[in-house]
>>> print(open('upload_24.cif').read())   # mmCIF, C-alpha atoms and all ligand atoms
data_target
loop_
_atom_site.label_atom_id
_atom_site.label_comp_id
_atom_site.auth_asym_id
_atom_site.auth_seq_id
_atom_site.Cartn_x
_atom_site.Cartn_y
_atom_site.Cartn_z
CA THR A 819 88.13 88.60 102.05
CA LYS A 820 91.18 88.93 104.27
CA SER A 821 91.53 88.02 107.93
CA PRO A 822 90.20 90.56 110.45
CA VAL A 823 92.39 93.38 111.69
CA THR A 824 92.13 94.60 115.28
CA VAL A 825 92.05 98.40 115.50
CA THR A 826 92.36 100.10 118.88
CA VAL A 827 91.13 103.69 119.19
CA THR A 828 91.88 105.70 122.34
CA GLY A 829 89.75 108.67 123.33
CA ALA A 830 87.02 106.85 121.45
CA ALA A 831 84.21 108.92 122.96
CA GLY A 832 85.72 112.24 121.91
CA GLN A 833 84.94 114.44 118.91
CA ILE A 834 87.59 112.97 116.63
CA GLY A 835 86.70 109.47 117.78
CA TYR A 836 83.10 110.05 116.74
CA ALA A 837 84.20 111.14 113.27
CA LEU A 838 86.70 108.30 113.00
CA LEU A 839 85.01 105.11 114.20
CA PHE A 840 82.29 104.97 111.58
CA ARG A 841 84.76 105.32 108.75
CA ILE A 842 87.01 102.63 110.19
CA ALA A 843 84.01 100.31 110.46
CA SER A 844 82.91 101.11 106.91
CA GLY A 845 86.25 99.92 105.48
CA ALA A 846 87.83 103.31 104.74
CA LEU A 847 90.82 102.69 107.01
CA LEU A 848 92.10 99.39 105.62
CA GLY A 849 90.15 98.79 102.44
CA PRO A 850 86.85 97.22 101.39
CA ASP A 851 88.02 93.60 101.83
CA THR A 852 89.35 93.77 105.38
CA PRO A 853 87.05 92.93 108.30
CA VAL A 854 87.63 94.98 111.45
CA LYS A 855 87.51 94.30 115.17
CA LEU A 856 87.23 97.59 117.04
CA ASN A 857 88.67 98.10 120.51
CA MET A 858 87.62 101.40 122.05
CA LEU A 859 89.67 102.76 124.97
CA GLU A 860 88.37 105.50 127.23
CA ILE A 861 88.98 106.84 130.68
CA PRO A 862 86.30 105.58 133.11
CA GLN A 863 84.24 108.78 132.76
CA GLY A 864 84.19 108.30 128.98
CA VAL A 865 83.01 104.69 128.94
CA LYS A 866 79.27 105.40 128.99
CA ALA A 867 79.51 107.75 126.00
CA ALA A 868 81.65 105.15 124.21
CA GLU A 869 78.87 102.62 124.81
CA GLY A 870 76.46 105.00 123.10
CA THR A 871 78.75 105.28 120.09
CA ALA A 872 79.04 101.49 120.03
CA MET A 873 75.23 101.25 119.90
CA GLU A 874 75.23 103.52 116.86
CA LEU A 875 78.01 101.49 115.24
CA ASN A 876 75.86 98.40 115.71
CA ASP A 877 72.90 100.20 114.18
CA CYS A 878 74.88 100.84 111.01
CA ALA A 879 75.09 97.07 110.41
CA PHE A 880 78.47 97.52 108.76
CA PRO A 881 79.26 94.26 106.95
CA LEU A 882 83.00 94.54 107.76
CA LEU A 883 82.59 95.22 111.48
CA GLN A 884 83.03 91.91 113.30
CA GLU A 885 83.35 92.99 116.92
CA ILE A 886 83.26 96.02 119.21
CA ASN A 887 84.84 96.04 122.65
CA ILE A 888 85.10 98.90 125.13
CA PHE A 889 87.83 99.15 127.75
CA ASP A 890 89.22 101.51 130.35
CA ASP A 891 92.44 99.47 130.68
CA PRO A 892 95.10 99.94 127.98
CA ASN A 893 96.50 96.43 128.53
CA GLN A 894 93.18 94.93 127.50
CA ALA A 895 92.50 97.48 124.78
CA PHE A 896 95.79 96.78 122.97
CA GLU A 897 95.60 92.97 123.26
CA GLY A 898 96.33 91.67 119.76
CA ALA A 899 96.07 95.15 118.20
CA ASN A 900 97.34 95.52 114.63
CA VAL A 901 96.59 99.23 114.37
CA GLY A 902 96.54 101.74 117.24
CA LEU A 903 95.03 105.20 116.79
CA LEU A 904 96.04 107.22 119.84
CA VAL A 905 93.55 110.07 119.87
CA GLY A 906 92.76 110.65 123.54
CA ALA A 907 95.03 113.19 125.18
CA ARG A 908 94.93 115.69 127.99
CA PRO A 909 93.69 118.96 126.52
CA ARG A 910 95.43 122.13 127.60
CA THR A 911 93.09 123.87 130.00
CA LYS A 912 93.20 127.49 131.09
CA GLY A 913 96.10 128.33 133.34
CA MET A 914 97.88 125.05 132.62
CA GLU A 915 101.64 125.33 132.19
CA ARG A 916 103.34 123.59 129.29
CA ALA A 917 105.22 121.35 131.72
CA ASP A 918 101.91 120.25 133.29
CA LEU A 919 100.55 119.37 129.85
CA LEU A 920 103.66 117.38 128.95
CA ALA A 921 103.60 115.59 132.31
CA ALA A 922 99.90 114.73 131.97
CA ASN A 923 100.46 113.33 128.50
CA GLY A 924 103.49 111.40 129.69
CA GLY A 925 101.13 109.73 132.13
CA ILE A 926 98.89 108.69 129.22
CA PHE A 927 101.29 107.82 126.40
CA GLY A 928 103.94 106.09 128.56
CA PRO A 929 101.52 103.44 129.89
CA GLN A 930 99.90 103.08 126.46
CA GLY A 931 103.33 102.51 124.88
CA LYS A 932 104.05 99.84 127.48
CA ALA A 933 100.67 98.21 126.89
CA ILE A 934 101.43 98.14 123.16
CA ASN A 935 104.85 96.67 123.87
CA ASP A 936 103.40 93.90 126.05
CA HIS A 937 100.11 93.09 124.31
CA ALA A 938 99.88 94.28 120.70
CA ALA A 939 100.39 92.06 117.66
CA ASP A 940 103.89 91.88 116.13
CA ASP A 941 102.82 93.96 113.15
CA ILE A 942 101.38 96.81 115.27
CA ARG A 943 101.27 100.20 113.56
CA VAL A 944 100.61 103.23 115.75
CA LEU A 945 99.40 106.69 114.75
CA VAL A 946 99.38 109.36 117.45
CA VAL A 947 96.78 112.10 116.93
CA GLY A 948 96.53 113.48 120.49
CA ASN A 949 98.66 116.58 121.00
CA PRO A 950 101.50 117.29 121.28
CA ALA A 951 101.40 114.41 118.79
CA ASN A 952 105.06 114.20 117.74
CA THR A 953 106.35 114.16 121.30
CA ASN A 954 103.57 111.86 122.50
CA ALA A 955 104.67 109.39 119.80
CA LEU A 956 108.25 109.65 121.07
CA ILE A 957 107.05 108.96 124.63
CA ALA A 958 105.01 105.93 123.55
CA ALA A 959 107.88 104.56 121.44
CA SER A 960 110.36 104.89 124.26
CA ALA A 961 108.01 102.93 126.56
CA ALA A 962 107.92 100.12 123.97
CA PRO A 963 111.51 98.88 123.64
CA ASP A 964 110.47 95.63 121.89
CA VAL A 965 108.58 97.42 119.11
CA PRO A 966 110.61 99.11 116.36
CA ALA A 967 110.47 102.91 116.75
CA SER A 968 109.42 103.09 113.09
CA ARG A 969 105.98 101.74 114.11
CA PHE A 970 105.20 104.83 116.19
CA THR A 971 104.14 107.70 113.97
CA ALA A 972 102.52 111.10 114.45
CA MET A 973 99.82 112.71 112.37
CA MET A 974 101.17 115.31 109.94
CA ARG A 975 98.69 114.35 107.26
CA LEU A 976 96.11 116.96 108.20
CA ASP A 977 98.76 119.65 107.68
CA HIS A 978 99.67 118.01 104.37
CA ASN A 979 96.04 117.92 103.23
CA ARG A 980 95.47 121.51 104.33
CA ALA A 981 98.54 122.59 102.32
CA ILE A 982 97.24 120.80 99.22
CA ALA A 983 93.83 122.44 99.62
CA GLN A 984 95.33 125.93 99.96
CA LEU A 985 97.54 125.51 96.89
CA ALA A 986 94.69 124.05 94.83
CA GLU A 987 92.48 126.98 95.69
CA LYS A 988 95.20 129.52 94.87
CA VAL A 989 96.07 128.12 91.43
CA GLY A 990 92.49 127.11 90.60
CA ALA A 991 93.37 123.47 90.05
CA PRO A 992 91.61 120.34 91.28
CA VAL A 993 93.16 118.86 94.39
CA ALA A 994 93.88 115.66 92.47
CA ASP A 995 96.29 117.54 90.18
CA ILE A 996 98.62 118.36 93.07
CA LYS A 997 101.47 115.99 93.86
CA LYS A 998 104.53 116.00 96.13
CA MET A 999 103.47 118.41 98.83
CA ALA A 1000 105.61 118.31 101.97
CA VAL A 1001 105.18 119.59 105.53
CA TRP A 1002 108.36 119.41 107.58
CA GLY A 1003 108.55 119.11 111.32
CA ASN A 1004 106.11 119.41 114.17
CA HIS A 1005 102.30 119.35 114.16
CA SER A 1006 102.27 122.83 115.67
CA ALA A 1007 102.51 126.41 114.50
CA ASP A 1008 106.24 125.79 113.88
CA GLN A 1009 105.58 123.38 110.99
CA TYR A 1010 107.00 124.25 107.56
CA PRO A 1011 104.59 123.59 104.67
CA ASP A 1012 106.77 123.45 101.56
CA VAL A 1013 105.79 123.59 97.88
CA SER A 1014 109.41 123.27 96.66
CA TYR A 1015 108.79 119.88 95.03
CA ALA A 1016 105.06 120.17 94.45
CA THR A 1017 103.61 119.96 90.98
CA VAL A 1018 100.25 121.06 89.62
CA ALA A 1019 99.22 118.88 86.67
CA GLY A 1020 102.93 118.14 86.23
CA LYS A 1021 104.13 121.76 86.31
CA PRO A 1022 106.28 123.04 89.20
CA ALA A 1023 104.01 124.76 91.73
CA ALA A 1024 106.80 127.22 92.54
CA ASP A 1025 106.38 128.69 89.02
CA LEU A 1026 102.68 129.37 89.64
CA VAL A 1027 102.84 131.25 92.94
CA ASP A 1028 105.13 134.00 94.16
CA ALA A 1029 107.40 134.06 97.19
CA ALA A 1030 105.36 136.74 98.94
CA TRP A 1031 102.18 134.60 98.79
CA LEU A 1032 104.10 131.61 100.11
CA ASP A 1033 105.69 133.47 103.04
CA GLU A 1034 102.87 135.78 103.96
CA TYR A 1035 99.80 133.68 103.24
CA PHE A 1036 100.40 130.00 102.52
CA VAL A 1037 102.74 129.05 105.36
CA PRO A 1038 100.90 130.86 108.17
CA THR A 1039 97.44 129.89 106.85
CA VAL A 1040 98.29 126.19 106.83
CA ALA A 1041 100.11 126.36 110.16
CA LYS A 1042 97.30 128.25 111.91
CA ARG A 1043 94.37 126.51 110.26
CA GLY A 1044 93.41 124.72 113.46
CA ALA A 1045 92.85 128.02 115.25
CA ALA A 1046 90.88 129.40 112.29
CA ILE A 1047 88.56 126.38 112.41
CA ILE A 1048 87.96 126.85 116.13
CA GLU A 1049 87.19 130.53 115.49
CA ALA A 1050 84.68 129.72 112.73
CA ARG A 1051 83.11 126.54 114.06
CA GLY A 1052 83.25 127.16 117.75
CA ALA A 1053 84.89 123.77 118.15
CA SER A 1054 88.15 122.25 117.05
CA SER A 1055 88.48 120.39 113.79
CA ALA A 1056 87.31 116.82 114.17
CA ALA A 1057 86.12 115.35 110.86
CA SER A 1058 89.15 116.64 108.95
CA ALA A 1059 91.47 115.31 111.65
CA ALA A 1060 89.73 111.92 111.53
CA ASN A 1061 89.95 111.95 107.74
CA ALA A 1062 93.68 112.61 107.88
CA ALA A 1063 94.17 109.74 110.33
CA ILE A 1064 92.33 107.47 107.90
CA ASP A 1065 94.50 108.68 104.99
CA HIS A 1066 97.71 108.10 106.96
CA VAL A 1067 96.93 104.51 107.94
CA TYR A 1068 95.37 103.67 104.57
CA ASN A 1069 98.55 104.70 102.74
CA TRP A 1070 100.82 103.03 105.31
CA VAL A 1071 99.00 99.72 104.95
CA ASN A 1072 98.06 99.87 101.25
CA GLY A 1073 100.97 101.95 99.90
CA THR A 1074 101.28 105.46 98.48
CA PRO A 1075 100.44 106.13 94.82
CA GLU A 1076 103.21 105.74 92.25
CA GLY A 1077 104.90 109.07 91.50
CA ASP A 1078 103.67 110.79 94.64
CA TRP A 1079 104.36 110.87 98.35
CA VAL A 1080 102.58 112.00 101.52
CA THR A 1081 103.73 113.65 104.73
CA ALA A 1082 104.03 111.43 107.80
CA GLY A 1083 105.52 112.09 111.23
CA VAL A 1084 108.13 109.34 111.58
CA ALA A 1085 111.18 108.68 113.76
CA SER A 1086 114.12 110.38 112.06
CA ASP A 1087 117.02 108.23 110.88
CA GLY A 1088 119.15 111.36 110.55
CA SER A 1089 117.79 112.28 107.12
CA TYR A 1090 118.07 115.97 106.21
CA GLY A 1091 120.06 116.63 109.38
CA VAL A 1092 117.14 115.86 111.70
CA PRO A 1093 118.55 114.26 114.86
CA GLU A 1094 117.92 110.54 115.01
CA GLY A 1095 114.81 109.55 116.95
CA LEU A 1096 112.88 112.83 116.79
CA VAL A 1097 109.39 112.18 115.39
CA PHE A 1098 109.36 114.63 112.49
CA GLY A 1099 107.17 115.39 109.49
CA PHE A 1100 108.95 114.18 106.33
CA PRO A 1101 107.84 113.42 102.80
CA CYS A 1102 107.37 109.65 102.89
CA THR A 1103 106.37 106.74 100.72
CA SER A 1104 105.11 103.32 101.70
CA ASN A 1105 104.96 100.14 99.69
CA GLY A 1106 102.55 98.67 102.22
CA GLY A 1107 105.28 97.77 104.72
CA GLU A 1108 107.21 100.50 106.49
CA TRP A 1109 107.27 104.25 105.88
CA GLU A 1110 110.34 105.35 103.95
CA ILE A 1111 111.61 108.94 104.05
CA VAL A 1112 112.03 110.31 100.52
CA GLN A 1113 115.76 110.76 100.00
CA GLY A 1114 117.90 113.11 97.94
CA LEU A 1115 115.68 116.20 97.82
CA GLU A 1116 117.46 119.48 97.24
CA ILE A 1117 116.93 121.71 100.27
CA SER A 1118 116.58 125.47 99.68
CA ASP A 1119 117.64 128.04 102.26
CA ALA A 1120 114.02 128.65 103.20
CA THR A 1121 113.35 124.93 103.67
CA ARG A 1122 116.58 124.57 105.67
CA ALA A 1123 115.45 127.37 107.98
CA GLY A 1124 112.03 125.74 108.37
CA ILE A 1125 113.60 122.37 109.20
CA GLU A 1126 115.98 123.93 111.72
CA ARG A 1127 113.14 125.79 113.47
CA ASN A 1128 111.28 122.51 113.87
CA ILE A 1129 114.33 120.60 115.09
CA LYS A 1130 114.74 123.22 117.79
CA ALA A 1131 111.06 123.07 118.79
CA LEU A 1132 110.98 119.29 118.96
CA GLU A 1133 114.28 119.09 120.83
CA GLU A 1134 112.86 121.49 123.39
CA GLU A 1135 109.76 119.32 123.84
CA ARG A 1136 111.93 116.20 124.09
CA ASP A 1137 114.24 117.82 126.66
CA ALA A 1138 111.24 119.01 128.69
CA VAL A 1139 109.75 115.50 128.93
CA ARG A 1140 113.21 114.08 129.71
CA GLU A 1141 113.53 116.54 132.56
CA LEU A 1142 110.14 115.45 133.85
CA GLY A 1143 111.41 111.87 133.80
CA VAL A 1144 108.72 110.85 131.29
CA LEU A 1145 111.23 109.75 128.66
P1 LIG A 1201 89.18 115.54 120.35
O1 LIG A 1201 88.68 114.21 119.97
O2 LIG A 1201 88.64 116.74 119.67
O3 LIG A 1201 90.77 115.61 120.24
C1 LIG A 1201 91.60 114.57 120.73
C2 LIG A 1201 93.04 114.95 120.59
O4 LIG A 1201 93.37 115.10 119.21
C3 LIG A 1201 93.46 116.24 121.27
O5 LIG A 1201 94.71 116.01 121.90
C4 LIG A 1201 93.62 117.19 120.13
O6 LIG A 1201 94.59 118.18 120.38
C5 LIG A 1201 94.16 116.26 119.11
N1 LIG A 1201 94.24 116.80 117.74
C6 LIG A 1201 95.25 116.57 116.88
N2 LIG A 1201 95.08 117.18 115.74
C7 LIG A 1201 93.92 117.81 115.84
C8 LIG A 1201 93.21 118.65 114.95
N3 LIG A 1201 93.65 118.94 113.77
N4 LIG A 1201 92.04 119.13 115.35
C9 LIG A 1201 91.59 118.86 116.57
N5 LIG A 1201 92.22 118.08 117.45
C10 LIG A 1201 93.38 117.58 117.10
O7 LIG A 1201 89.03 115.76 121.91
P2 LIG A 1201 87.81 115.43 122.88
O8 LIG A 1201 88.11 116.21 124.11
O9 LIG A 1201 86.50 115.55 122.18
O10 LIG A 1201 87.97 113.89 123.18
C11 LIG A 1201 89.06 113.37 123.84
C12 LIG A 1201 88.63 112.06 124.46
O11 LIG A 1201 89.78 111.40 124.91
C13 LIG A 1201 87.69 112.23 125.65
O12 LIG A 1201 86.58 111.39 125.46
C14 LIG A 1201 88.55 111.76 126.83
O13 LIG A 1201 87.77 111.09 127.81
C15 LIG A 1201 89.47 110.81 126.13
N6 LIG A 1201 90.73 110.48 126.77
C16 LIG A 1201 91.06 109.17 126.70
C17 LIG A 1201 92.22 108.71 127.21
C18 LIG A 1201 92.48 107.26 127.13
O14 LIG A 1201 91.91 106.59 126.28
N7 LIG A 1201 93.34 106.74 127.98
C19 LIG A 1201 93.19 109.63 127.84
C20 LIG A 1201 92.78 111.00 127.80
C21 LIG A 1201 91.59 111.40 127.26
P3 LIG A 1201 94.27 119.62 121.03
O15 LIG A 1201 93.95 119.37 122.47
O16 LIG A 1201 95.53 120.37 120.80
O17 LIG A 1201 93.09 120.15 120.25
#
>>> encode(input="upload_24.cif", output="structure tokens")
Amino acid sequence: TKSPVTVTVTGAAGQIGYALLFRIASGALLGPDTPVKLNMLEIPQGVKAAEGTAMELNDCAFPLLQEINIFDDPNQAFEGANVGLLVGARPRTKGMERADLLAANGGIFGPQGKAINDHAADDIRVLVVGNPANTNALIAASAAPDVPASRFTAMMRLDHNRAIAQLAEKVGAPVADIKKMAVWGNHSADQYPDVSYATVAGKPAADLVDAAWLDEYFVPTVAKRGAAIIEARGASSAASAANAAIDHVYNWVNGTPEGDWVTAGVASDGSYGVPEGLVFGFPCTSNGGEWEIVQGLEISDATRAGIERNIKALEEERDAVRELGVL
């Protein structure tokens, strides 16, 4: 077995946290040979519930779980962290303005970024799940000048998985037959799910579906899936979000499969005309080290328009947090 990896989860007592922690402890996050030390971060009101979850984690007697610690101080929670899953965020409540939401999250992700900068291990990898995830990742990265911006990523994998599921259902193929899905941009209704490069059992997906289905059904269904889940379940998606977080980190650490890629929200290096620094959903591969944006894809007019819409949305979020002095 390998040496233990310290995983810090924020918002650990929340819905996603509850769906996430048990899978991390079981070995799904890093692999079946990697022992885990779990650091759970909560706000003070969340600590008691986190203690209850920790009791249940103990009761699972997971062979890979070496330690559980609960904190309400980010500096302690990120001490020696190798992986940070930033789930806790300020939910938008009724009557709350967008600026209030961005300011509240600046107050969470700024200090967490600084704590990561000052206390995490040199190989720290961060995935932001809490919304607005892309901009929260940008805020955390900018508060961590000593950590490469490439280590701060945002979760686009749920959108990617949702897009695969919708296409599989439409063409009547198993999910495993679908490769090279892409979701460009922001984890919001602006996102652009794109089948341009996707294949189904090796055949171009674009030959199997028509443009009207893509524009009128596929894109809006994937982009608005979160709202549809809330409508049906009476609560927001939690297990599927946790699953996507697991997928993202697993592929980052263990690599993406040969001949395929996944979608990850990563700091742009200017690829595909996306301004440098914006945390943007791109098709990415990993060889177990850093995420790499897939290069050289031909961009259709529809994809270009989708990318531009997302650049605009993310620039607006970035400018809003700059104006608030959060960035
Ligand atoms: P959830 O665990 O359901 O959600 C947490 C965050 O994930 C939210 O920002 C949510 O966004 C976001 N999210 C991203 N993608 C998805 C998705 N596909 N489906 C659903 N959510 C998604 O929230 P809870 O309220 O149950 O738990 C949050 C916990 O975080 C609480 O226990 C709270 O005390 C804690 N918290 C901890 C902080 C800390 O550790 N410092 C700071 C703030 C809160 P959206 O709101 O858009 O649904």
>>> residues_around(input="upload_24.cif", residues="Gln930 of chain A", least_positions_apart="5", cutoff="10 Å", atoms="only C-alpha atoms", output="VMD selection string")
chain A and resid 828 891 to 893 895 to 896 902 904 924 to 925 935 to 936 957 to 959 961 to 962
>>> closest_residue(input="upload_24.cif", among="A:Glu1126, A:Leu882, A:Asp1008, A:Ala1046", to="ligand LIG 1201 (chain A)", atoms="only C-alpha atoms and all ligand atoms")
A:Ala1046
>>> residues_around(input="upload_24.cif", residues="Ala1057 of chain A", least_positions_apart="2", cutoff="9 Å", atoms="all atoms listed in the file", output="PDB file with C-alpha atoms, in the frame of the given file")
ATOM      1  CA  GLN A 833      84.940 114.440 118.910  1.00  0.00           C
ATOM      2  CA  ILE A 834      87.590 112.970 116.630  1.00  0.00           C
ATOM      3  CA  TYR A 836      83.100 110.050 116.740  1.00  0.00           C
ATOM      4  CA  ALA A 837      84.200 111.140 113.270  1.00  0.00           C
ATOM      5  CA  LEU A 838      86.700 108.300 113.000  1.00  0.00           C
ATOM      6  CA  SER A1055      88.480 120.390 113.790  1.00  0.00           C
ATOM      7  CA  ALA A1059      91.470 115.310 111.650  1.00  0.00           C
ATOM      8  CA  ALA A1060      89.730 111.920 111.530  1.00  0.00           C
ATOM      9  CA  ASN A1061      89.950 111.950 107.740  1.00  0.00           C
ATOM     10  CA  ALA A1062      93.680 112.610 107.880  1.00  0.00           C
TER      11      ALA A1062
END
>>> closest_residue(input="upload_24.cif", among="A:Asn952, A:Asn857, A:Thr852, A:Ser1006", to="Ala1045 of chain A", atoms="only C-alpha atoms")
A:Ser1006
>>> closest_residue(input="upload_24.cif", among="A:Tyr1015, A:Phe889, A:Phe927, A:Phe970", to="Gly948 of chain A", atoms="only C-alpha atoms")
A:Phe927
>>> residues_around(input="upload_24.cif", residues="Gly1099 of chain A", least_positions_apart="3", cutoff="7 Å", atoms="only C-alpha atoms", output="list in words")
Met974, Val1001, Trp1002, Gly1003, Asn1004, Thr1081, Ala1082, Gly1083 and Val1084 of chain A
>>> write_last_selection(input="upload_24.cif", atoms="C-alpha atoms", output="compact mmCIF listing (two decimals), keeping the file's coordinate frame")
# COMPACT_ATOMS: atom_id res chain seq x y z
CA MET A 974 101.17 115.31 109.94
CA VAL A 1001 105.18 119.59 105.53
CA TRP A 1002 108.36 119.41 107.58
CA GLY A 1003 108.55 119.11 111.32
CA ASN A 1004 106.11 119.41 114.17
CA THR A 1081 103.73 113.65 104.73
CA ALA A 1082 104.03 111.43 107.80
CA GLY A 1083 105.52 112.09 111.23
CA VAL A 1084 108.13 109.34 111.58
>>> closest_residue(input="upload_24.cif", among="A:Phe1100, A:Tyr1090, A:Phe880, A:Tyr1010", to="Val1037 of chain A", atoms="all atoms listed in the file")
A:Tyr1010
>>> atom_distance(input="upload_24.cif", atom1="atom CA of Asn954 of chain A", atom2="atom C13 of ligand LIG 1201 (chain A)")
16.2 Å
>>> closest_residue(input="upload_24.cif", among="A:Ala1050, A:Ala1063, A:Val901, A:Leu848", to="ligand LIG 1201 (chain A)", atoms="all atoms listed in the file")
A:Ala1063
>>> atom_distance(input="upload_24.cif", atom1="atom CA of Phe1098 of chain A", atom2="atom CA of Pro1022 of chain A")
25.0 Å
>>> closest_residue(input="upload_24.cif", among="A:Asp940, A:Asp977, A:Asp1087, A:Glu1094", to="ligand LIG 1201 (chain A)", atoms="all atoms listed in the file")
A:Asp977
>>> axis_aligned_box(input="upload_24.cif", around="ligand LIG 1201 (chain A)", padding_each_side="6 Å", output="AutoDock Vina command-line options")
--center_x 91.0 --center_y 113.5 --center_z 120.9 --size_x 21.0 --size_y 25.8 --size_z 26.2
>>> atom_distance(input="upload_24.cif", atom1="atom CA of Val854 of chain A", atom2="atom CA of His1066 of chain A")
17.1 Å
>>> residues_around(input="upload_24.cif", residues="Asn1069 of chain A", least_positions_apart="2", cutoff="12 Å", atoms="all atoms listed in the file", output="short mmCIF file (atom, residue, chain, number, x, y, z; two decimals) with C-alpha atoms, in the frame of the given file")
data_model
loop_
_atom_site.label_atom_id
_atom_site.label_comp_id
_atom_site.auth_asym_id
_atom_site.auth_seq_id
_atom_site.Cartn_x
_atom_site.Cartn_y
_atom_site.Cartn_z
CA ALA A 846 87.83 103.31 104.74
CA LEU A 847 90.82 102.69 107.01
CA LEU A 848 92.10 99.39 105.62
CA GLY A 849 90.15 98.79 102.44
CA ARG A 975 98.69 114.35 107.26
CA ALA A 1062 93.68 112.61 107.88
CA ALA A 1063 94.17 109.74 110.33
CA ILE A 1064 92.33 107.47 107.90
CA ASP A 1065 94.50 108.68 104.99
CA HIS A 1066 97.71 108.10 106.96
CA VAL A 1067 96.93 104.51 107.94
CA VAL A 1071 99.00 99.72 104.95
CA ASN A 1072 98.06 99.87 101.25
CA GLY A 1073 100.97 101.95 99.90
CA THR A 1074 101.28 105.46 98.48
CA PRO A 1075 100.44 106.13 94.82
CA GLU A 1076 103.21 105.74 92.25
CA ASP A 1078 103.67 110.79 94.64
CA TRP A 1079 104.36 110.87 98.35
CA VAL A 1080 102.58 112.00 101.52
CA THR A 1081 103.73 113.65 104.73
CA ALA A 1082 104.03 111.43 107.80
CA CYS A 1102 107.37 109.65 102.89
CA THR A 1103 106.37 106.74 100.72
CA SER A 1104 105.11 103.32 101.70
CA ASN A 1105 104.96 100.14 99.69
CA GLY A 1106 102.55 98.67 102.22
CA GLY A 1107 105.28 97.77 104.72
CA GLU A 1108 107.21 100.50 106.49
CA TRP A 1109 107.27 104.25 105.88
CA GLU A 1110 110.34 105.35 103.95
#
>>> residues_around(input="upload_24.cif", residues="Gly864 of chain A", least_positions_apart="3", cutoff="10 Å", atoms="only C-alpha atoms", output="list of chain:residue names")
A:Gly829, A:Ala830, A:Ala831, A:Gly832, A:Leu859, A:Glu860, A:Ile861, A:Ala867, A:Ala868, A:Glu869, A:Phe889, A:Asp890
>>> closest_atom_pairs(input="upload_24.cif", of="segment 1021-1128 of chain A", to="segment 1132-1145 of chain A", cutoff="9 Å", atoms="all atoms listed in the file", output="Markdown table")
| residue | atom | partner | partner_atom | distance |
| --- | --- | --- | --- | --- |
| A:Pro1093 | CA | A:Glu1133 | CA | 8.8 |
| A:Leu1096 | CA | A:Leu1132 | CA | 7.1 |
| A:Val1097 | CA | A:Leu1132 | CA | 8.1 |
| A:Phe1098 | CA | A:Leu1132 | CA | 8.1 |
| A:Arg1127 | CA | A:Leu1132 | CA | 8.8 |
| A:Asn1128 | CA | A:Leu1132 | CA | 6.0 |
